[in-house]
>>> print(open('my_file_0.txt').read())   # compact mmCIF, C-alpha atoms
# COMPACT_ATOMS: atom_id res chain seq x y z
CA MET D 1 172.94 61.35 99.67
CA LYS D 2 174.01 63.11 102.80
CA TYR D 3 177.30 65.03 102.83
CA THR D 4 179.28 65.00 106.04
CA ALA D 5 182.10 67.52 106.27
CA LYS D 6 185.24 65.86 107.60
CA ALA D 7 188.82 67.11 107.55
CA LEU D 8 191.48 64.69 106.38
CA LYS D 9 194.28 63.82 108.76
CA GLY D 10 197.81 63.55 107.42
CA ASN D 11 198.95 63.62 103.81
CA VAL D 12 199.68 60.48 101.85
CA ASN D 13 200.95 62.42 98.86
CA VAL D 14 204.01 63.80 100.58
CA SER D 15 206.71 61.50 101.91
CA ARG D 16 207.90 62.18 105.40
CA THR D 17 211.61 61.77 104.73
CA SER D 18 214.54 64.09 105.28
CA PRO D 19 215.53 65.76 102.00
CA ILE D 20 218.94 66.63 103.44
CA LYS D 21 219.69 62.96 104.08
CA GLU D 22 218.53 62.05 100.60
CA PHE D 23 220.71 64.81 99.16
CA PHE D 24 223.87 63.55 100.84
CA ILE D 25 223.23 59.91 99.97
CA LEU D 26 222.74 60.77 96.30
CA LEU D 27 225.67 63.19 96.23
CA SER D 28 228.07 60.66 97.72
CA GLY D 29 226.82 58.11 95.21
CA VAL D 30 227.57 60.40 92.30
CA LEU D 31 230.94 61.44 93.67
CA GLY D 32 231.83 57.80 94.33
CA ILE D 33 231.08 56.80 90.75
CA VAL D 34 232.93 59.78 89.32
CA ILE D 35 236.02 59.17 91.43
CA LEU D 36 235.97 55.49 90.45
CA VAL D 37 235.75 56.29 86.73
CA TYR D 38 238.31 59.06 87.11
CA VAL D 39 240.84 56.79 88.78
CA ALA D 40 240.24 54.03 86.23
CA LEU D 41 240.59 56.39 83.28
CA GLY D 42 243.58 58.02 84.97
CA PHE D 43 245.32 54.65 84.82
CA ALA D 44 244.30 54.38 81.19
CA VAL D 45 245.89 57.77 80.53
CA ASP D 46 249.11 56.67 82.23
CA PHE D 47 249.10 53.55 80.08
CA VAL D 48 248.62 55.47 76.85
CA VAL D 49 251.04 58.25 77.75
CA SER D 50 254.02 55.96 78.20
CA ARG D 51 253.32 54.32 74.83
CA LEU D 52 252.33 57.36 72.77
CA PRO D 53 254.50 57.51 69.62
CA LEU D 54 256.64 60.61 69.29
CA GLU D 55 254.99 61.44 65.99
CA ILE D 56 251.53 61.77 67.54
CA GLU D 57 252.96 63.79 70.38
CA GLN D 58 254.54 66.20 67.93
CA ASN D 59 251.25 66.57 66.07
CA LEU D 60 249.58 67.35 69.36
CA GLY D 61 252.37 69.77 70.11
CA SER D 62 251.87 71.71 66.90
CA LEU D 63 248.20 72.07 67.82
CA TYR D 64 249.05 73.49 71.21
CA SER D 65 252.14 75.56 70.62
CA GLY D 66 251.49 76.89 67.15
CA ILE D 67 251.07 80.43 68.41
CA TYR D 68 254.39 80.31 70.28
CA VAL D 69 256.48 78.46 67.72
CA ASN D 70 255.97 81.13 65.12
CA THR D 71 257.32 83.92 67.29
CA GLU D 72 260.54 85.43 66.01
CA LYS D 73 263.75 84.47 67.76
CA THR D 74 265.42 87.42 69.49
CA GLY D 75 268.93 87.57 70.95
CA ALA D 76 267.56 86.50 74.31
CA GLY D 77 265.62 83.65 72.70
CA ILE D 78 268.73 82.32 70.97
CA ARG D 79 270.75 82.53 74.18
CA LEU D 80 267.98 80.71 76.06
CA GLN D 81 267.94 77.97 73.42
CA LYS D 82 271.71 77.56 73.89
CA ILE D 83 271.32 77.09 77.64
CA LEU D 84 268.64 74.49 76.94
CA ASP D 85 270.73 72.65 74.33
CA GLU D 86 273.63 72.38 76.76
CA LEU D 87 271.27 70.93 79.36
CA VAL D 88 269.70 68.50 76.90
CA GLU D 89 273.17 67.11 76.08
CA LYS D 90 273.40 65.97 79.69
CA ASN D 91 269.88 64.56 79.67
CA PRO D 92 270.21 60.99 80.98
CA LEU D 93 267.37 59.79 78.76
CA ILE D 94 269.25 60.86 75.61
CA ASN D 95 272.48 59.30 76.72
CA SER D 96 270.90 55.97 77.60
CA ARG D 97 268.85 55.97 74.36
CA GLN D 98 266.02 54.40 76.28
CA GLN D 99 263.41 56.28 74.36
CA GLU D 100 262.97 58.52 71.39
CA GLU D 101 263.41 62.14 72.34
CA PRO D 102 261.78 65.10 70.65
CA GLU D 103 263.80 68.09 69.58
CA TYR D 104 263.53 70.46 72.53
CA LYS D 105 262.77 74.05 71.65
CA VAL D 106 262.34 77.01 73.95
CA HIS D 107 260.13 79.99 73.14
CA LEU D 108 260.46 83.27 74.96
CA VAL D 109 257.07 84.97 75.10
CA PRO D 110 256.39 88.46 76.47
CA HIS D 111 254.04 87.96 79.40
CA SER D 112 253.58 89.51 82.84
CA GLN D 113 253.27 86.17 84.63
CA ALA D 114 256.48 84.62 86.01
CA ASN D 115 255.97 81.10 84.68
CA ALA D 116 257.19 78.51 82.22
CA ILE D 117 255.18 75.70 80.64
CA ALA D 118 255.95 72.39 78.96
CA LEU D 119 253.84 71.72 75.86
CA PRO D 120 253.64 68.48 73.87
CA GLY D 121 256.26 68.03 71.16
CA GLY D 122 259.24 69.21 73.23
CA ASN D 123 258.20 72.85 73.31
CA ILE D 124 259.05 74.89 76.38
CA VAL D 125 257.46 78.31 76.71
CA VAL D 126 259.15 80.77 79.04
CA PHE D 127 257.27 83.94 79.97
CA SER D 128 259.53 86.96 79.99
CA ALA D 129 258.51 88.03 83.51
CA LEU D 130 260.17 84.87 84.84
CA ILE D 131 263.58 86.05 83.65
CA LYS D 132 263.20 89.19 85.77
CA GLU D 133 262.95 86.92 88.84
CA VAL D 134 266.33 85.24 88.34
CA ASP D 135 269.81 86.72 88.71
CA SER D 136 272.02 83.98 87.28
CA GLU D 137 272.23 81.64 84.32
CA ASN D 138 272.22 78.71 86.72
CA ALA D 139 268.81 79.66 88.03
CA LEU D 140 267.48 80.03 84.50
CA ALA D 141 268.95 76.64 83.60
CA PHE D 142 267.19 75.15 86.62
CA VAL D 143 263.84 76.44 85.37
CA LEU D 144 264.50 74.89 81.94
CA ALA D 145 265.67 71.67 83.56
CA HIS D 146 262.46 71.62 85.60
CA GLU D 147 260.45 71.71 82.38
CA LEU D 148 262.69 68.97 80.91
CA GLY D 149 261.82 67.01 84.05
CA HIS D 150 258.14 67.33 83.16
CA PHE D 151 258.94 65.92 79.71
CA ALA D 152 260.94 63.08 81.25
CA ASN D 153 258.01 62.16 83.50
CA LYS D 154 255.52 62.75 80.64
CA ASP D 155 253.61 65.17 82.88
CA HIS D 156 252.76 67.43 79.94
CA LEU D 157 250.70 64.62 78.37
CA ARG D 158 249.37 63.32 81.65
CA GLY D 159 248.02 66.75 82.54
CA LEU D 160 246.22 66.99 79.21
CA GLY D 161 244.86 63.48 79.53
CA ARG D 162 243.52 63.81 83.04
CA ARG D 163 241.84 67.10 82.35
CA LEU D 164 240.25 65.56 79.28
CA VAL D 165 239.02 62.58 81.32
CA LEU D 166 237.57 64.88 83.94
CA LEU D 167 235.72 66.96 81.43
CA SER D 168 234.35 64.01 79.49
CA ILE D 169 232.98 62.30 82.62
CA SER D 170 230.97 65.22 83.86
CA THR D 171 229.63 66.21 80.49
CA ALA D 172 228.71 62.63 79.58
CA LEU D 173 226.94 62.18 82.88
CA LEU D 174 225.16 65.48 83.29
CA GLY D 175 225.48 67.61 80.19
CA ALA D 176 227.74 70.56 79.62
CA ASP D 177 226.22 73.13 81.93
CA SER D 178 224.53 71.55 84.87
CA SER D 179 224.94 72.78 88.40
CA VAL D 180 225.73 69.28 89.63
CA SER D 181 228.50 68.84 87.09
CA ASN D 182 229.96 72.18 88.14
CA LEU D 183 230.06 70.98 91.72
CA ILE D 184 231.80 67.75 90.78
CA MET D 185 234.21 69.61 88.57
CA ASN D 186 235.15 71.94 91.39
CA SER D 187 235.62 69.25 94.00
CA LEU D 188 237.78 67.18 91.67
CA VAL D 189 239.94 70.06 90.52
CA ASN D 190 241.51 70.10 93.98
CA VAL D 191 242.38 66.41 93.71
CA GLU D 192 243.86 67.10 90.30
CA MET D 193 246.05 69.82 91.78
CA LYS D 194 247.51 67.44 94.32
CA PHE D 195 248.61 65.24 91.44
CA SER D 196 250.16 68.30 89.89
CA ARG D 197 252.01 69.29 93.02
CA ARG D 198 253.56 65.87 93.35
CA GLN D 199 254.62 66.14 89.71
CA GLU D 200 256.14 69.57 90.35
CA THR D 201 258.20 68.24 93.23
CA MET D 202 259.37 65.28 91.14
CA ALA D 203 260.34 67.61 88.29
CA ASP D 204 262.27 69.78 90.78
CA ILE D 205 264.32 66.82 91.95
CA TRP D 206 264.93 65.69 88.38
CA ALA D 207 266.04 69.22 87.44
CA LEU D 208 268.42 69.37 90.38
CA ASP D 209 270.17 66.19 89.26
CA LEU D 210 270.44 67.50 85.70
CA LEU D 211 271.77 70.86 86.89
CA ASN D 212 274.50 69.09 88.81
CA ARG D 213 275.40 67.02 85.76
CA ARG D 214 275.59 70.14 83.58
CA TYR D 215 277.49 72.58 85.82
CA GLY D 216 279.09 70.25 88.34
CA HIS D 217 277.36 72.08 91.19
CA VAL D 218 273.81 73.11 92.10
CA SER D 219 274.12 76.81 92.97
CA GLY D 220 271.14 78.83 91.80
CA ALA D 221 268.68 75.93 91.98
CA SER D 222 266.43 77.52 94.59
CA GLU D 223 267.13 81.11 93.54
CA PHE D 224 263.88 81.53 91.62
CA PHE D 225 261.79 80.16 94.48
CA GLU D 226 263.63 82.31 97.00
CA ASN D 227 262.92 85.42 94.96
CA MET D 228 259.31 84.36 94.51
CA SER D 229 258.71 83.60 98.17
CA LYS D 230 259.99 87.04 99.09
CA LYS D 231 257.40 88.54 96.76
CA GLU D 232 254.67 86.08 97.63
CA LYS D 233 251.87 87.74 99.54
CA ARG D 234 249.54 84.79 99.71
CA GLY D 235 249.60 82.66 102.84
CA ARG D 236 250.19 78.95 103.06
CA ILE D 237 246.45 78.17 103.38
CA LEU D 238 245.59 79.80 100.05
CA TYR D 239 248.41 77.84 98.48
CA TYR D 240 246.45 74.68 99.10
CA PHE D 241 244.42 75.59 96.05
CA ALA D 242 247.35 76.51 93.83
CA ILE D 243 248.90 74.21 91.24
CA HIS D 244 252.48 74.75 92.34
CA PRO D 245 253.72 73.85 95.82
CA TYR D 246 254.46 76.62 98.28
CA PRO D 247 257.86 78.11 97.29
CA GLU D 248 259.36 77.51 100.75
CA ASP D 249 258.30 73.87 100.63
CA ARG D 250 260.05 73.52 97.29
CA ILE D 251 263.22 75.12 98.64
CA ASN D 252 263.17 72.71 101.59
CA ALA D 253 262.68 69.72 99.30
CA LEU D 254 265.63 70.85 97.18
CA GLU D 255 267.86 71.35 100.21
CA ASP D 256 267.02 67.87 101.48
CA ARG D 257 268.06 66.42 98.14
CA ILE D 258 271.28 68.51 98.04
CA GLN D 259 272.27 67.22 101.48
CA LYS D 260 271.37 63.64 100.66
CA LYS D 261 273.35 63.58 97.40
CA GLY D 262 276.17 65.78 98.70
CA TYR D 263 275.87 68.25 95.81
CA LEU D 264 278.28 71.20 95.84
CA GLU D 265 277.60 74.94 95.84
CA LYS D 266 279.94 77.04 93.66
CA GLU D 267 280.15 80.39 91.91
CA LYS D 268 277.10 81.19 89.79
CA ILE D 269 277.36 82.37 86.18
CA PRO D 270 275.82 85.85 85.91
CA LEU D 271 272.89 86.39 83.58
CA ASP D 272 273.74 87.43 80.03
CA LYS D 273 273.24 91.08 79.01
CA VAL D 274 270.63 90.05 76.37
CA PHE D 275 268.19 89.17 79.14
CA GLU D 276 268.02 92.74 80.41
CA ASP D 277 264.94 94.88 79.75
CA LEU D 278 262.72 92.25 78.17
CA PRO D 279 259.18 93.38 77.43
CA VAL D 280 256.60 91.83 79.78
CA LYS D 281 253.57 92.86 77.76
CA PRO D 282 252.60 91.18 74.48
CA ALA D 283 253.48 93.36 71.50
CA GLY D 284 250.12 93.12 69.70
CA SER D 285 246.65 92.97 71.13
CA GLY D 286 245.36 89.76 72.69
CA LYS D 287 247.65 86.93 73.63
CA MET B 1 236.54 77.67 93.85
CA GLU B 2 234.26 80.71 93.66
CA GLN B 3 231.78 78.60 91.74
CA LEU B 4 231.71 76.03 94.52
CA ILE B 5 231.13 78.72 97.15
CA ILE B 6 228.30 80.23 95.12
CA PHE B 7 226.81 76.78 94.65
CA VAL B 8 226.87 76.01 98.38
CA ILE B 9 225.36 79.41 99.21
CA LEU B 10 222.59 78.86 96.67
CA ILE B 11 221.87 75.40 98.07
CA GLY B 12 221.74 76.74 101.63
CA LEU B 13 219.62 79.71 100.64
CA GLY B 14 217.30 77.50 98.61
CA TYR B 15 216.88 75.05 101.44
CA THR B 16 216.19 77.66 104.13
CA ALA B 17 213.91 79.90 102.10
CA GLY B 18 212.19 76.94 100.46
CA THR B 19 211.47 75.21 103.77
CA ILE B 20 210.11 78.36 105.39
CA ALA B 21 207.89 79.15 102.40
CA GLU B 22 206.65 75.59 102.22
CA ARG B 23 205.78 75.38 105.92
CA ARG B 24 203.94 78.70 105.80
CA HIS B 25 202.03 77.69 102.71
CA TYR B 26 200.93 74.37 104.23
CA ARG B 27 199.69 76.16 107.34
CA SER B 28 197.62 78.50 105.20
CA ILE B 29 196.32 75.62 103.05
CA GLU B 30 195.21 73.63 106.09
CA ASP B 31 193.44 76.66 107.65
CA ARG B 32 191.53 77.45 104.49
CA GLU B 33 190.65 73.83 103.81
CA LEU B 34 188.96 73.76 107.22
CA ARG B 35 187.07 76.94 106.38
CA PHE B 36 185.78 75.51 103.11
CA LEU B 37 184.91 72.15 104.59
CA ASN B 38 181.22 72.78 103.97
CA LEU B 39 181.68 73.38 100.26
CA PRO B 40 182.42 69.97 98.74
CA ALA B 41 184.09 69.70 95.36
CA VAL B 42 183.43 66.35 93.73
CA THR B 43 184.37 64.71 90.46
CA VAL B 44 180.95 63.26 89.67
CA LYS B 45 178.91 65.05 87.02
CA ASN B 46 175.52 64.57 88.57
CA VAL B 47 174.62 63.88 92.16
CA LEU B 48 171.19 65.40 92.00
CA SER B 49 168.02 63.40 91.55
CA ARG B 50 166.09 66.08 89.68
CA ASP B 51 167.29 68.94 87.47
CA ASP B 52 164.68 71.35 88.78
CA GLU B 53 166.43 71.35 92.17
CA ILE B 54 169.16 73.51 90.62
CA PHE B 55 168.79 77.24 91.15
CA LYS B 56 172.03 78.34 89.44
CA ALA B 57 175.08 76.63 87.86
CA TRP B 58 178.27 78.29 86.61
CA LEU B 59 181.92 77.59 85.83
CA VAL B 60 184.46 78.25 88.57
CA SER B 61 188.21 77.95 88.30
CA GLY B 62 191.30 78.60 90.35
CA ASN B 63 194.88 78.40 89.33
CA VAL B 64 198.33 78.85 90.86
CA VAL B 65 201.97 78.76 89.75
CA ILE B 66 204.54 77.47 92.22
CA SER B 67 208.29 77.09 91.79
CA ILE B 68 210.64 74.78 93.63
CA ASP B 69 213.75 76.06 95.37
CA TYR B 70 217.31 75.56 94.16
CA PHE B 71 218.03 72.86 96.72
CA LYS B 72 215.14 70.69 95.57
CA ARG B 73 216.02 71.26 91.96
CA VAL B 74 219.54 69.93 92.56
CA LEU B 75 218.14 67.08 94.64
CA ALA B 76 215.81 66.12 91.81
CA GLY B 77 218.71 66.40 89.37
CA LEU B 78 220.71 63.92 91.44
CA ARG B 79 217.66 61.65 91.64
CA ASN B 80 217.48 61.72 87.84
CA ILE B 81 220.81 59.89 87.70
CA PHE B 82 219.79 56.97 89.90
CA GLY B 83 216.07 56.86 89.27
CA GLY B 84 213.38 56.19 91.85
CA GLU B 85 210.75 58.34 93.50
CA VAL B 86 211.44 62.02 93.03
CA ARG B 87 210.33 63.01 96.50
CA ALA B 88 211.67 66.52 96.02
CA TYR B 89 208.77 67.30 93.69
CA GLU B 90 206.03 65.81 95.87
CA THR B 91 205.31 68.87 97.95
CA LEU B 92 205.45 71.08 94.87
CA ILE B 93 202.67 69.12 93.16
CA ASP B 94 200.67 68.68 96.36
CA ARG B 95 200.74 72.36 97.25
CA ALA B 96 199.87 73.50 93.74
CA ARG B 97 196.94 71.11 93.48
CA ARG B 98 195.45 71.99 96.87
CA GLU B 99 196.01 75.70 96.41
CA ALA B 100 194.27 75.63 93.02
CA VAL B 101 191.24 73.84 94.49
CA LEU B 102 191.11 76.35 97.35
CA ARG B 103 191.19 79.30 94.97
CA MET B 104 188.47 77.70 92.94
CA LYS B 105 186.34 77.32 96.06
CA GLU B 106 187.06 80.92 97.03
CA SER B 107 185.68 82.07 93.69
CA ALA B 108 182.49 79.99 94.08
CA HIS B 109 180.56 82.43 96.28
CA GLY B 110 177.19 81.12 97.32
CA ALA B 111 177.57 77.67 95.80
CA ASN B 112 176.41 74.60 97.69
CA ILE B 113 178.59 72.14 95.80
CA ILE B 114 181.14 72.07 92.98
CA LEU B 115 180.53 69.28 90.49
CA ASN B 116 182.70 67.75 87.80
CA LEU B 117 186.00 68.89 89.37
CA ARG B 118 189.03 68.72 87.05
CA ILE B 119 192.63 69.44 87.92
CA GLU B 120 195.34 69.96 85.34
CA THR B 121 199.02 70.76 85.70
CA SER B 122 201.62 72.01 83.29
CA ALA B 123 205.27 73.00 83.55
CA ILE B 124 205.82 76.65 82.81
CA GLY B 125 208.55 79.23 83.17
CA GLN B 126 211.84 79.81 81.39
CA SER B 127 213.21 76.34 81.94
CA ALA B 128 210.00 74.45 81.16
CA ASN B 129 211.04 73.59 77.64
CA ARG B 130 214.58 72.65 78.49
CA ARG B 131 215.41 69.02 78.86
CA LYS B 132 215.58 67.51 82.34
CA SER B 133 214.55 70.58 84.23
CA ILE B 134 211.32 71.62 85.86
CA GLY B 135 211.18 75.26 86.82
CA SER B 136 207.71 75.89 88.11
CA ILE B 137 204.39 74.20 87.68
CA GLU B 138 200.93 75.56 87.14
CA ALA B 139 197.90 73.80 88.56
CA ILE B 140 194.44 74.76 87.41
CA ALA B 141 191.31 73.43 89.05
CA TYR B 142 187.89 73.99 87.48
CA GLY B 143 184.40 72.69 87.94
CA THR B 144 180.71 73.53 87.90
CA ALA B 145 179.51 75.46 90.93
CA VAL B 146 175.90 74.70 91.76
CA THR B 147 173.44 76.56 93.99
CA LEU B 148 170.45 74.49 94.96
CA LYS B 149 166.89 75.72 95.31
CA LYS B 150 165.71 76.11 98.86
CA THR B 151 163.50 73.13 99.62
CA GLU B 152 160.81 73.00 102.34
>>> encode(input="my_file_0.txt", output="structure tokens")
Amino acid sequence: MKYTAKALKGNVNVSRTSPIKEFFILLSGVLGIVILVYVALGFAVDFVVSRLPLEIEQNLGSLYSGIYVNTEKTGAGIRLQKILDELVEKNPLINSRQQEEPEYKVHLVPHSQANAIALPGGNIVVFSALIKEVDSENALAFVLAHELGHFANKDHLRGLGRRLVLLSISTALLGADSSVSNLIMNSLVNVEMKFSRRQETMADIWALDLLNRRYGHVSGASEFFENMSKKEKRGRILYYFAIHPYPEDRINALEDRIQKKGYLEKEKIPLDKVFEDLPVKPAGSGK
Amino acid sequence: MEQLIIFVILIGLGYTAGTIAERRHYRSIEDRELRFLNLPAVTVKNVLSRDDEIFKAWLVSGNVVISIDYFKRVLAGLRNIFGGEVRAYETLIDRARREAVLRMKESAHGANIILNLRIETSAIGQSANRRKSIGSIEAIAYGTAVTLKKTE
């Protein structure tokens, strides 16, 4: 047998295709499926949320707000609860008896972040730093009314539901810690935030109407946002990624509504003495 | 957001570095394959008519470990969802196999032919035992190097 040395031309074992093209085709396929499932399950969440019995919601609430509920009521906490109770009396949902309403409770928690959150079961948590940003009772009432607006629109449950849907999709598809699932997670979080911002604006409008019903005027409604926008160092571009709308945009939306409805501006009620010098740091260690 | 930025940077880095390394490696493989063209490596056990033609026979082996870049790993991960040819791994296997054979030939000084060539691959590295992930592969090529007696 005679051996003839001959070099092979080409390579049949390696496909001559563009990996970049393949990458984008596959990626858009995955994203397409995820968005489809997300939207479908999002509708499912909306369906469940509007039919969730109050009892289940309260059970959920005790899971979430257990750490806040057990905090001791201070003078400021009691005063805050009174402002809330007076607002709740004017809540249109209660008056029309359209649906069962939970007992709304407000918890004042020492925290350095100026924020308030609505938790399932009618619990509102107000961080003490927020009170430093307002100068009148009206403004504080608006913040509480805003959270009541979230309850009225069931946003507190919707937010939980959608986040749950998001998490379950990516883990079911790709496992808990895969780089692909991280990518999907990150790209969808921005979509999620747009939902949130629409909800924030809706809650603002709802709160404005309630504020007018309670005090007969709407002074102080945009006070918190005005104070925040003065302090706000971040630009509008960075705000694209934030959950809450840009403070100035919120002020503008409120002013539009005030003009449209012809709401009045009157003297504001000054903030009670008990709200002065609240601690902004948690007393113990941790949260 | 930071995670997304890091991910995109890793993908870009993986693609650029991976493509450069792959191109360079193929160039080197092709050069050396030409150089060793006169040393055939065959899978048959016996091509010789008589045993007394053999002057010397010994075992030669060559092995290499090659890893894929981050970009291809993600690409293969995406391919895992839909199924089909995992083209991202093709060059990895091809390079490892050819490099192992070349190293084997390099170690066979003075041989006229390498008989009974075998090639084996295995997944190694930290992620080798984890589900659904291939970190790097090892290819080992071994065979019997044979030096023939001078005839005439």
>>> interface_residues(input="my_file_0.txt", of="chain B", to="chain D", cutoff="9 Å", atoms="all atoms listed in the file", output="PyMOL selection string")
chain B and resi 1+3-4+7-8+15+33-34+37-40+47-48+71-72+74-79+81-82+87-88+90-91+93-94
>>> residues_around(input="my_file_0.txt", residues="segment 121-125 of chain D", least_positions_apart="2", cutoff="8 Å", atoms="all atoms listed in the file", output="list of chain:residue names")
D:Leu54, D:Glu57, D:Gln58, D:Asn59, D:Leu60, D:Gly61, D:Ser62, D:Ser65, D:Tyr68, D:Pro102, D:Glu103, D:Tyr104, D:Lys105, D:Val106, D:His107, D:Leu108, D:Val109, D:Ala116, D:Ile117, D:Ala118, D:Leu119, D:Phe127, D:Leu144, D:Glu147, D:Phe151
>>> closest_residue(input="my_file_0.txt", among="B:Gly110, B:Gly83, B:Gly62, B:Gly12", to="Ala96 of chain B", atoms="all atoms listed in the file")
B:Gly62
>>> residues_around(input="my_file_0.txt", residues="Lys56 of chain B", least_positions_apart="5", cutoff="12 Å", atoms="only C-alpha atoms", output="VMD selection string")
chain B and resid 51 108 to 114 144 to 150
>>> write_last_selection(input="my_file_0.txt", atoms="C-alpha atoms", output="short mmCIF file (atom, residue, chain, number, x, y, z; two decimals), in the coordinates of the input")
data_model
loop_
_atom_site.label_atom_id
_atom_site.label_comp_id
_atom_site.auth_asym_id
_atom_site.auth_seq_id
_atom_site.Cartn_x
_atom_site.Cartn_y
_atom_site.Cartn_z
CA ASP B 51 167.29 68.94 87.47
CA ALA B 108 182.49 79.99 94.08
CA HIS B 109 180.56 82.43 96.28
CA GLY B 110 177.19 81.12 97.32
CA ALA B 111 177.57 77.67 95.80
CA ASN B 112 176.41 74.60 97.69
CA ILE B 113 178.59 72.14 95.80
CA ILE B 114 181.14 72.07 92.98
CA THR B 144 180.71 73.53 87.90
CA ALA B 145 179.51 75.46 90.93
CA VAL B 146 175.90 74.70 91.76
CA THR B 147 173.44 76.56 93.99
CA LEU B 148 170.45 74.49 94.96
CA LYS B 149 166.89 75.72 95.31
CA LYS B 150 165.71 76.11 98.86
#
>>> atom_distance(input="my_file_0.txt", atom1="atom CA of Gln81 of chain D", atom2="atom CA of Ala141 of chain D")
10.3 Å
>>> atom_distance(input="my_file_0.txt", atom1="atom CA of Leu148 of chain D", atom2="atom CA of Gln199 of chain D")
12.3 Å
>>> atom_distance(input="my_file_0.txt", atom1="atom CA of Glu255 of chain D", atom2="atom CA of Met202 of chain D")
13.8 Å
>>> closest_residue(input="my_file_0.txt", among="D:Phe224, D:Tyr263, D:Phe43, D:Tyr38", to="Arg250 of chain D", atoms="all atoms listed in the file")
D:Phe224
>>> residues_around(input="my_file_0.txt", residues="segment 252-254 of chain D", least_positions_apart="2", cutoff="9 Å", atoms="all atoms listed in the file", output="list in words")
Thr201, Asp204, Ile205, Leu208, Ala221, Ser222, Pro247, Glu248, Asp249, Arg250, Asp256, Arg257, Ile258 and Gln259 of chain D
>>> closest_residue(input="my_file_0.txt", among="B:Val64, B:Ile11, B:Val86, B:Ile29", to="Glu120 of chain B", atoms="only C-alpha atoms")
B:Val64
>>> closest_residue(input="my_file_0.txt", among="D:Ile33, D:Asp277, D:Val218, D:Phe47", to="Leu157 of chain D", atoms="only C-alpha atoms")
D:Phe47
